[in-house]
>>> print(open('work.cif').read())   # mmCIF, C-alpha atoms
data_coords
#
loop_
_atom_site.label_atom_id
_atom_site.label_comp_id
_atom_site.auth_asym_id
_atom_site.auth_seq_id
_atom_site.Cartn_x
_atom_site.Cartn_y
_atom_site.Cartn_z
CA MET A 24 32.11 -1.21 156.19
CA ASP A 25 31.66 0.12 152.67
CA ILE A 26 33.57 3.43 152.48
CA ARG A 27 31.46 4.40 149.46
CA LEU A 28 28.33 4.48 151.64
CA LYS A 29 30.05 6.61 154.27
CA ILE A 30 31.20 9.07 151.60
CA PHE A 31 27.64 9.07 150.20
CA GLU A 32 26.27 9.93 153.65
CA LEU A 33 28.81 12.72 154.17
CA ARG A 34 28.79 14.17 150.63
CA SER A 35 26.94 17.32 151.74
CA TYR A 36 29.67 18.09 154.29
CA THR A 37 32.88 17.25 152.39
CA PRO A 38 32.91 20.61 150.53
CA ILE A 39 33.03 22.62 153.77
CA PRO A 40 36.82 22.46 154.36
CA PHE A 41 37.50 23.39 150.74
CA LEU A 42 35.03 26.27 150.84
CA LEU A 43 36.58 27.59 154.06
CA VAL A 44 40.03 27.58 152.45
CA MET A 45 38.62 29.27 149.35
CA VAL A 46 37.17 32.09 151.43
CA LEU A 47 40.03 32.46 153.92
CA TYR A 48 42.75 32.53 151.25
CA ALA A 49 40.73 34.31 148.59
CA ASP A 50 42.67 36.68 146.36
CA PRO A 51 40.14 37.29 143.58
CA THR A 52 40.61 39.45 140.53
CA VAL A 53 37.99 40.68 138.10
CA ALA A 54 39.05 37.96 135.63
CA THR A 55 38.86 35.13 138.18
CA LEU A 56 35.52 36.38 139.48
CA ILE A 57 33.99 36.41 135.99
CA ALA A 58 35.54 33.13 134.81
CA GLY A 59 34.83 31.28 138.04
CA PHE A 60 31.27 32.57 138.33
CA THR A 61 30.59 31.44 134.75
CA VAL A 62 31.84 27.90 135.49
CA ALA A 63 29.97 27.75 138.82
CA LEU A 64 26.76 29.07 137.26
CA LEU A 65 26.96 26.41 134.54
CA GLY A 66 27.31 23.78 137.27
CA GLU A 67 24.30 25.14 139.16
CA ALA A 68 22.24 25.28 135.96
CA ILE A 69 22.97 21.60 135.29
CA ARG A 70 22.06 20.73 138.90
CA PHE A 71 18.86 22.78 138.77
CA TRP A 72 17.75 21.11 135.54
CA GLY A 73 18.46 17.71 137.06
CA VAL A 74 16.62 18.27 140.34
CA SER A 75 13.71 19.79 138.43
CA ILE A 76 13.27 16.35 136.90
CA ALA A 77 14.48 14.00 139.65
CA GLY A 78 12.96 15.90 142.58
CA SER A 79 13.82 15.45 146.24
CA GLU A 80 15.06 11.87 145.84
CA THR A 81 18.43 13.45 145.11
CA ARG A 82 18.57 14.79 148.68
CA THR A 83 18.73 11.46 150.50
CA THR A 84 21.78 10.92 152.66
CA GLY A 85 21.03 7.60 154.31
CA VAL A 86 20.10 4.86 151.89
CA ILE A 87 21.00 4.80 148.22
CA GLY A 88 17.82 4.34 146.27
CA ALA A 89 15.70 5.34 143.32
CA THR A 90 12.05 4.68 142.65
CA ASN A 91 12.41 5.18 138.89
CA LEU A 92 15.14 5.14 136.27
CA ILE A 93 15.27 8.74 135.11
CA THR A 94 16.69 9.28 131.63
CA ASP A 95 15.01 12.57 130.71
CA GLY A 96 16.53 16.05 130.73
CA PRO A 97 20.21 16.15 131.63
CA PHE A 98 20.09 12.43 132.51
CA GLY A 99 19.75 11.80 128.77
CA HIS A 100 23.16 13.39 128.22
CA VAL A 101 25.11 12.20 131.27
CA ARG A 102 24.21 9.62 133.93
CA ASN A 103 25.26 11.81 136.87
CA PRO A 104 24.39 15.41 136.02
CA LEU A 105 24.10 16.50 139.66
CA TYR A 106 27.63 15.35 140.41
CA VAL A 107 28.93 16.94 137.20
CA GLY A 108 27.16 20.14 138.28
CA ASN A 109 28.72 19.93 141.74
CA ILE A 110 32.22 19.50 140.35
CA LEU A 111 31.72 22.52 138.09
CA MET A 112 30.33 24.58 140.97
CA TYR A 113 33.26 23.80 143.28
CA LEU A 114 35.79 24.38 140.50
CA GLY A 115 34.09 27.65 139.62
CA ILE A 116 34.18 28.85 143.21
CA ALA A 117 37.85 27.83 143.48
CA ILE A 118 38.59 29.83 140.33
CA MET A 119 36.60 32.80 141.67
CA SER A 120 38.50 32.79 144.95
CA ASN A 121 41.87 32.55 143.20
CA ALA A 122 43.14 30.97 146.43
CA LEU A 123 46.37 28.97 146.51
CA VAL A 124 46.52 28.79 142.73
CA PRO A 125 46.96 26.27 141.10
CA TYR A 126 47.07 23.81 143.99
CA LEU A 127 43.59 24.34 145.39
CA VAL A 128 41.91 24.01 141.99
CA ALA A 129 43.79 20.75 141.37
CA VAL A 130 42.99 19.35 144.81
CA VAL A 131 39.32 20.32 144.50
CA PHE A 132 39.04 18.62 141.12
CA VAL A 133 40.84 15.44 142.23
CA TRP A 134 38.92 15.15 145.53
CA PHE A 135 35.47 15.60 144.04
CA ALA A 136 36.22 13.43 141.01
CA LEU A 137 37.35 10.65 143.38
CA GLN A 138 34.46 11.18 145.80
CA TYR A 139 31.81 11.07 143.10
CA HIS A 140 33.47 8.18 141.31
CA LEU A 141 33.26 6.07 144.49
CA ILE A 142 29.68 7.14 145.19
CA VAL A 143 28.61 6.41 141.62
CA LEU A 144 30.13 2.92 141.69
CA ARG A 145 27.93 2.14 144.71
CA GLU A 146 24.85 3.79 143.24
CA GLU A 147 25.29 1.84 140.02
CA GLU A 148 25.24 -1.45 141.93
CA HIS A 149 21.83 -0.49 143.31
CA LEU A 150 20.51 0.71 139.95
CA ARG A 151 21.64 -2.47 138.15
CA THR A 152 19.76 -4.54 140.71
CA ALA A 153 16.68 -2.32 140.68
CA PHE A 154 16.35 -1.75 136.93
CA GLY A 155 18.23 -4.65 135.34
CA PRO A 156 18.66 -4.68 131.56
CA GLU A 157 16.98 -1.29 131.15
CA TYR A 158 19.75 0.27 133.23
CA GLY A 159 22.41 -1.76 131.42
CA THR A 160 21.26 -0.39 128.05
CA TYR A 161 21.21 3.13 129.47
CA CYS A 162 24.79 2.72 130.75
CA GLU A 163 25.96 1.53 127.33
CA LYS A 164 24.56 4.64 125.68
CA VAL A 165 25.06 7.43 128.23
CA PRO A 166 28.45 8.24 129.81
CA ARG A 167 28.96 8.59 133.56
CA PHE A 168 30.56 12.03 133.72
CA ILE A 169 31.37 13.43 130.27
CA PRO A 170 28.10 14.60 128.70
CA ARG A 171 27.23 13.50 125.21
CA ILE A 172 25.71 16.03 122.83
CA ARG A 173 22.93 13.86 121.48
CA ARG A 174 20.25 13.03 124.06
CA TYR A 175 19.60 9.40 124.88
CA ALA A 176 16.32 8.39 123.30
CA GLY A 177 16.26 4.74 124.34
CA ASP A 178 13.18 2.78 125.13
CA HIS A 179 12.56 3.41 128.81
CA ALA A 180 9.49 3.02 130.94
CA PHE A 181 9.49 6.22 133.00
CA HIS A 182 9.27 9.81 131.75
CA ARG A 183 9.18 13.00 133.75
CA GLU A 184 9.01 16.58 132.58
CA PRO A 185 10.92 19.26 134.48
CA ASN A 186 9.03 20.90 137.30
CA PHE A 187 10.96 24.07 138.05
CA SER A 188 9.06 24.91 141.23
CA ARG A 189 9.89 21.42 142.57
CA GLY A 190 13.48 21.97 141.43
CA LEU A 191 13.70 25.31 143.21
CA LYS A 192 12.32 23.82 146.41
CA SER A 193 14.78 20.93 146.27
CA GLU A 194 17.72 23.16 145.32
CA MET A 195 17.10 25.97 147.83
CA ARG A 196 19.78 24.85 150.31
CA THR A 197 22.38 24.56 147.54
CA LEU A 198 21.45 27.98 146.16
CA GLN A 199 21.73 29.55 149.61
CA GLY A 200 25.17 28.04 150.18
CA PHE A 201 26.29 29.03 146.68
CA ALA A 202 25.16 32.63 147.23
CA ALA A 203 26.77 32.85 150.69
CA VAL A 204 30.18 31.71 149.42
CA ILE A 205 30.04 34.08 146.46
CA VAL A 206 29.14 36.99 148.72
CA LEU A 207 32.07 36.15 151.04
CA ILE A 208 34.48 36.03 148.09
CA LEU A 209 33.10 39.36 146.82
CA VAL A 210 33.56 40.87 150.28
CA ARG A 211 37.21 39.72 150.19
CA TYR A 212 37.59 41.32 146.76
CA PHE A 213 36.15 44.68 147.82
CA THR A 214 37.86 44.87 151.23
CA ARG A 215 41.45 44.00 150.41
#
>>> encode(input="work.cif", output="structure tokens")
Amino acid sequence: MDIRLKIFELRSYTPIPFLLVMVLYADPTVATLIAGFTVALLGEAIRFWGVSIAGSETRTTGVIGATNLITDGPFGHVRNPLYVGNILMYLGIAIMSNALVPYLVAVVFVWFALQYHLIVLREEEHLRTAFGPEYGTYCEKVPRFIPRIRRYAGDHAFHREPNFSRGLKSEMRTLQGFAAVIVLILVRYFTR
């Protein structure tokens, strides 16, 4: 059994224990609410931009796959913008909650960095097989997780412009979860 595939299948559920701890032990301040919300909003903006280009293919939980090599939008700056966005969102929410500082923030960062690293290693195997040298060139030019400032402008076969209505449709579940957790943290702030 490939643990990377199991983590890939469960990646939508692994945040739940962390989010529960963030809400249950929340001790937010005005400063943590503002700082954390800013980080989380940046993460969601990166995700939204990415899904507005990649579409619903990013929502698969069974089989790792891609019909096209997407290098436009945020994918021209970092190979895994959705995972970068997720890490920023979870870190931002942890900062907002101000729960179990600094341990929870550190655990959240380490867990999601490890989770996405393992998932990406498996996804890259598929992409190398599916897209061959084109993907190899892309990997040489665009980092996995640390965005580069200059957009990748390599010679690639597939281009897609952002479709924000498609992005909103694909991202609706994430936005709902994001809003619910923020509301719960705000309730903790105003009722303590």
>>> atom_distance(input="work.cif", atom1="CA of Met112 in chain A", atom2="CA of Ile26 in chain A")
24.3 Å
>>> atom_distance(input="work.cif", atom1="CA of Glu32 in chain A", atom2="CA of Cys162 in chain A")
24.1 Å
>>> residues_around(input="work.cif", residues="Arg183 in chain A", least_positions_apart="4", cutoff="9 Å", atoms="all atoms listed in the file", output="ChimeraX atom specification")
/A:76-77,93-96
>>> closest_residue(input="work.cif", among="A:Leu92, A:Met24, A:Val101, A:Met45", to="Tyr175 in chain A", atoms="only C-alpha atoms")
A:Val101
>>> atom_distance(input="work.cif", atom1="CA of Leu123 in chain A", atom2="CA of Leu42 in chain A")
12.4 Å
>>> resolve_selection(input="work.cif", expression="the PyMOL selection byres ((chain A and resi 100) around 10)", output="list of chain:residue names")
A:Thr94, A:Asp95, A:Gly96, A:Pro97, A:Phe98, A:Gly99, A:Val101, A:Arg102, A:Asn103, A:Pro104, A:Lys164, A:Val165, A:Pro166, A:Arg167, A:Phe168, A:Ile169, A:Pro170, A:Arg171, A:Ile172, A:Arg173, A:Arg174, A:Tyr175, A:Ala176
>>> resolve_selection(input="work.cif", expression="the PyMOL selection byres ((chain A and resi 146-158) around 12)", output="VMD selection string")
chain A and resid 27 to 28 30 to 31 81 86 to 94 102 to 103 139 to 145 159 to 165 167 177 to 181
>>> closest_residue(input="work.cif", among="A:Leu43, A:Met195, A:Val130, A:Ile57", to="Ser75 in chain A", atoms="only C-alpha atoms")
A:Met195
>>> axis_aligned_box(input="work.cif", around="range 155-171 of chain A", padding_each_side="5 Å", output="JSON")
{"center_x": 24.2, "center_y": 5.0, "center_z": 130.3, "size_x": 24.4, "size_y": 29.3, "size_z": 20.1}
>>> residues_around(input="work.cif", residues="Arg189 in chain A", least_positions_apart="2", cutoff="8 Å", atoms="only C-alpha atoms", output="VMD selection string")
chain A and resid 74 to 75 78 186 to 187 191 to 193
>>> write_last_selection(input="work.cif", atoms="C-alpha atoms", output="PDB file, in the frame of the given file")
ATOM      1  CA  VAL A  74      16.620  18.270 140.340  1.00  0.00           C
ATOM      2  CA  SER A  75      13.710  19.790 138.430  1.00  0.00           C
ATOM      3  CA  GLY A  78      12.960  15.900 142.580  1.00  0.00           C
ATOM      4  CA  ASN A 186       9.030  20.900 137.300  1.00  0.00           C
ATOM      5  CA  PHE A 187      10.960  24.070 138.050  1.00  0.00           C
ATOM      6  CA  LEU A 191      13.700  25.310 143.210  1.00  0.00           C
ATOM      7  CA  LYS A 192      12.320  23.820 146.410  1.00  0.00           C
ATOM      8  CA  SER A 193      14.780  20.930 146.270  1.00  0.00           C
TER       9      SER A 193
END
>>> closest_residue(input="work.cif", among="A:Ala203, A:Val107, A:Val124, A:Ile39", to="Pro51 in chain A", atoms="all atoms listed in the file")
A:Val124
>>> residues_around(input="work.cif", residues="Pro40 in chain A", least_positions_apart="2", cutoff="12 Å", atoms="only C-alpha atoms", output="MDAnalysis selection string")
chainID A and resid 35:38 42:47 113 127 130:131 134
